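Trainee: Dropping a structure here in structure tokens format, bear with me for questions.
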Amino acid sequence: MDQKEQSEKERREYRRMTVIEGTQNTYRVGLIVPSSNTTMETEIPRMLRAREAEQPEERFTFHSSRMRMMNVTPEELRAMNAQMDRCAAELADARCDVITTACLVAIMAQGAGFHCAVEDQIREALQEEGAPAPVVSSAGALLKALEDLGARRVAMVAPYIRPLTKLVAEYIESSEVVVQDALSLEVSDNLEVRRLDPEHLKEHWKKVDLSGCDVLVLSACVQMPSLSSIEPVEQACGLPVLSAATATIYCILQALELPTIVAGAGHLLSGQVNPVGVSSLS
């Protein structure tokens, strides 16, 4: 073992002992999840577990409350949104450090700016329960990530039927970002969305027009798995590539005042993106 390897081993052992001695910081992450969504509870923890591997003084625990929803239709999305207060109150009991709500299309289908109303609604519910915490919506997180990346023109891939994809595109465009092109995979059953193979995204992105684009949104849905394809597609297309899930992690880390770094999750989570209006969190 050379000196560099020995130093690295000693550094990791020191950090491991720091954790054992109980000096790590534990962050409780509350998840408000559509009942048929399982990807949020896999990709969000996967990214934060990857962070723990590099920062063992940090620990993240995950606490979920579910809203009934099986099919991605306007009617079911509205019914699901009505369950937000109950979910927030349940998570308040866990005294979470940050709360995030996952269903991007449920919010964006209600019209421009609705994520602000939802985030305020959850904050008020937490406040009433005596458990105030920062709130992140996947819809708001996507807009924030695009803003911080300086995006002016984007393309995206979405699992939704075309009318819902159009609503998502219009919502993004309400924040003064042009959606150059969007690919709809036309899957309305939310259980089927979670079964979509993320490897197929390595081909799907080639079907969208990236002319003049600053950013590619590889998955405009937290339920559509994409994490394993983010960096390969980023390397292939030469643009920053993000997903609803990586944008959500980006904003969760900002809310926790932690560096926005997760290995293997693309440029957005490289620590090289400075939040608009903030010098740097990393």
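Identifiers for the structure tokens are assigned positionally: chains receive A, B, ... in sequence, residues are indexed from 1 per chain, and ligands are indexed from 1 in the order shown.
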Go through range 113-254 of chain A and collect every residue that DSSP, computed from the backbone, puts in strand (DSSP E); the answer should be as a PyMOL selection string.
Mentor: chain A and resi 135-137+153-158+178-184+215-219+241-243
Trainee: Among range 74-236 of chain A, which residues does DSSP mark as helix (DSSP H, G or I) when it is run on the backbone? Keep the chain and numbering as in the structure and answer as a ChimeraX atom specification.
Mentor: /A:74-81,84-92,104-108,114-128,138-148,162-173,190-194,198-207,227-236
Trainee: Write the residues of the selection above to a file with C-alpha atoms, as a compact mmCIF listing (two decimals), in the first residue's frame.
Mentor:
# COMPACT_ATOMS: atom_id res chain seq x y z
CA PRO A 74 -56.56 15.33 -13.82
CA GLU A 75 -59.34 14.00 -11.56
CA GLU A 76 -57.08 11.78 -9.44
CA LEU A 77 -54.41 14.47 -9.25
CA ARG A 78 -56.90 16.98 -7.83
CA ALA A 79 -58.18 14.43 -5.31
CA MET A 80 -54.63 13.66 -4.26
CA ASN A 81 -53.79 17.32 -3.66
CA MET A 84 -51.84 17.37 1.60
CA ASP A 85 -52.80 18.73 5.05
CA ARG A 86 -53.24 15.26 6.52
CA CYS A 87 -49.83 14.17 5.24
CA ALA A 88 -48.15 17.30 6.56
CA ALA A 89 -49.70 16.79 10.00
CA GLU A 90 -48.51 13.17 10.11
CA LEU A 91 -44.96 14.16 9.21
CA ALA A 92 -45.04 16.96 11.76
CA LEU A 104 -44.65 17.24 -9.93
CA VAL A 105 -47.50 16.85 -12.40
CA ALA A 106 -50.18 17.02 -9.68
CA ILE A 107 -49.00 20.53 -8.91
CA MET A 108 -48.16 21.72 -12.40
CA PHE A 114 -49.41 26.54 -7.79
CA HIS A 115 -46.26 25.07 -6.21
CA CYS A 116 -45.97 28.24 -4.10
CA ALA A 117 -49.49 27.74 -2.77
CA VAL A 118 -48.81 24.07 -1.97
CA GLU A 119 -45.55 24.82 -0.21
CA ASP A 120 -47.26 27.55 1.85
CA GLN A 121 -50.11 25.16 2.68
CA ILE A 122 -47.67 22.55 4.00
CA ARG A 123 -45.70 25.15 5.95
CA GLU A 124 -48.88 26.38 7.62
CA ALA A 125 -49.92 22.82 8.52
CA LEU A 126 -46.50 22.18 10.06
CA GLN A 127 -46.63 25.46 11.95
CA GLU A 128 -50.05 24.60 13.37
CA SER A 138 -40.56 18.68 -6.81
CA ALA A 139 -42.31 21.21 -9.05
CA GLY A 140 -40.70 24.18 -7.36
CA ALA A 141 -37.37 22.34 -7.18
CA LEU A 142 -37.31 21.79 -10.94
CA LEU A 143 -37.91 25.49 -11.58
CA LYS A 144 -35.26 26.46 -9.02
CA ALA A 145 -32.70 24.09 -10.52
CA LEU A 146 -33.33 25.44 -14.01
CA GLU A 147 -32.97 28.99 -12.71
CA ASP A 148 -29.69 28.24 -10.95
CA ARG A 162 -49.50 14.35 -24.13
CA PRO A 163 -52.09 16.71 -22.60
CA LEU A 164 -50.38 16.45 -19.20
CA THR A 165 -46.93 16.88 -20.73
CA LYS A 166 -48.25 20.03 -22.39
CA LEU A 167 -49.38 21.35 -18.98
CA VAL A 168 -45.93 20.66 -17.53
CA ALA A 169 -44.28 22.45 -20.45
CA GLU A 170 -46.60 25.44 -20.01
CA TYR A 171 -45.81 25.56 -16.29
CA ILE A 172 -42.08 25.61 -16.98
CA GLU A 173 -42.58 28.29 -19.61
CA ASN A 190 -48.50 5.26 -12.26
CA LEU A 191 -47.46 1.69 -11.41
CA GLU A 192 -46.32 1.25 -15.00
CA VAL A 193 -44.36 4.50 -14.84
CA ARG A 194 -42.21 3.09 -12.04
CA PRO A 198 -34.05 3.97 -16.98
CA GLU A 199 -31.63 2.48 -19.50
CA HIS A 200 -34.13 3.32 -22.25
CA LEU A 201 -33.61 7.00 -21.49
CA LYS A 202 -30.18 6.66 -23.10
CA GLU A 203 -32.07 6.35 -26.39
CA HIS A 204 -35.19 8.39 -25.64
CA TRP A 205 -33.25 11.65 -25.29
CA LYS A 206 -32.06 11.34 -28.88
CA LYS A 207 -35.67 11.83 -30.03
CA LEU A 227 -30.76 8.25 -11.89
CA SER A 228 -28.52 5.65 -13.54
CA SER A 229 -28.81 7.44 -16.88
CA ILE A 230 -28.20 11.03 -15.78
CA GLU A 231 -24.41 11.09 -16.13
CA PRO A 232 -24.17 8.86 -19.26
CA VAL A 233 -26.68 11.05 -21.09
CA GLU A 234 -24.98 14.21 -19.82
CA GLN A 235 -21.70 12.99 -21.29
CA ALA A 236 -23.39 11.99 -24.55
Trainee: Would you pick out the contacts of Leu218 in chain A at 8 Å or less, using only C-alpha atoms, so that residues sharing its chain but fewer than 6 positions from it are not included, and give the list as a list of chain:residue names?
Mentor: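 So the residues in contact are A:Met156, A:Val157, A:Ala158, A:Leu201, A:Trp205, A:Ser226, A:Ile230, A:Val241, A:Leu242, A:Ser243.
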Trainee: If I take CA of Leu239 in chain A and CA of Cys221 in chain A, how far is one from the other in Å, to one decimal?
Mentor: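 Distance reported for this atom pair: 19.3 Å.
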Trainee: Neighbours of Arg28 in chain A within 8 Å (only C-alpha atoms; same-chain residues fewer than 4 positions away dropped), as a PyMOL selection string?
Mentor: chain A and resi 60-63+95-98
Trainee: What is the CA of Val154 in chain A to CA of Pro34 in chain A distance in Å?
Mentor: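 Separation between CA of Val154 in chain A and CA of Pro34 in chain A: 26.7 Å.
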Trainee: Would you write out, as CSV, a table of all residues in range 90-129 of chain A that have an atom no more than 12 Å from an atom of range 38-51 of chain A, listing for each the closest atom pair and the distance in Å to one decimal, considering only C-alpha atoms and ordering rows by chain and rising residue number?
Mentor:
residue,atom,partner,partner_atom,distance
A:Thr100,CA,A:Met40,CA,10.2
A:Thr101,CA,A:Met40,CA,9.6
A:Ala102,CA,A:Met40,CA,7.1
A:Cys103,CA,A:Met40,CA,9.3
A:Leu104,CA,A:Met40,CA,11.4
Trainee: Please produce a file of the residues just selected, as a PDB file, in the first residue's frame, where the atoms kept are N, CA and C atoms.
Mentor:
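Output below, filename again-v3.pdb:
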ATOM      1  N   THR A 100     -40.570  17.242   1.795  1.00  0.00           N
ATOM      2  CA  THR A 100     -40.681  17.374   0.350  1.00  0.00           C
ATOM      3  C   THR A 100     -41.905  16.629  -0.158  1.00  0.00           C
ATOM      4  N   THR A 101     -42.580  17.240  -1.120  1.00  0.00           N
ATOM      5  CA  THR A 101     -43.724  16.583  -1.756  1.00  0.00           C
ATOM      6  C   THR A 101     -43.376  16.292  -3.204  1.00  0.00           C
ATOM      7  N   ALA A 102     -43.759  15.092  -3.662  1.00  0.00           N
ATOM      8  CA  ALA A 102     -43.118  14.539  -4.849  1.00  0.00           C
ATOM      9  C   ALA A 102     -43.841  14.702  -6.154  1.00  0.00           C
ATOM     10  N   CYS A 103     -45.138  14.748  -6.182  1.00  0.00           N
ATOM     11  CA  CYS A 103     -45.816  14.597  -7.466  1.00  0.00           C
ATOM     12  C   CYS A 103     -45.808  15.902  -8.261  1.00  0.00           C
ATOM     13  N   LEU A 104     -44.831  16.028  -9.146  1.00  0.00           N
ATOM     14  CA  LEU A 104     -44.646  17.238  -9.932  1.00  0.00           C
ATOM     15  C   LEU A 104     -45.867  17.575 -10.768  1.00  0.00           C
TER      16      LEU A 104
END
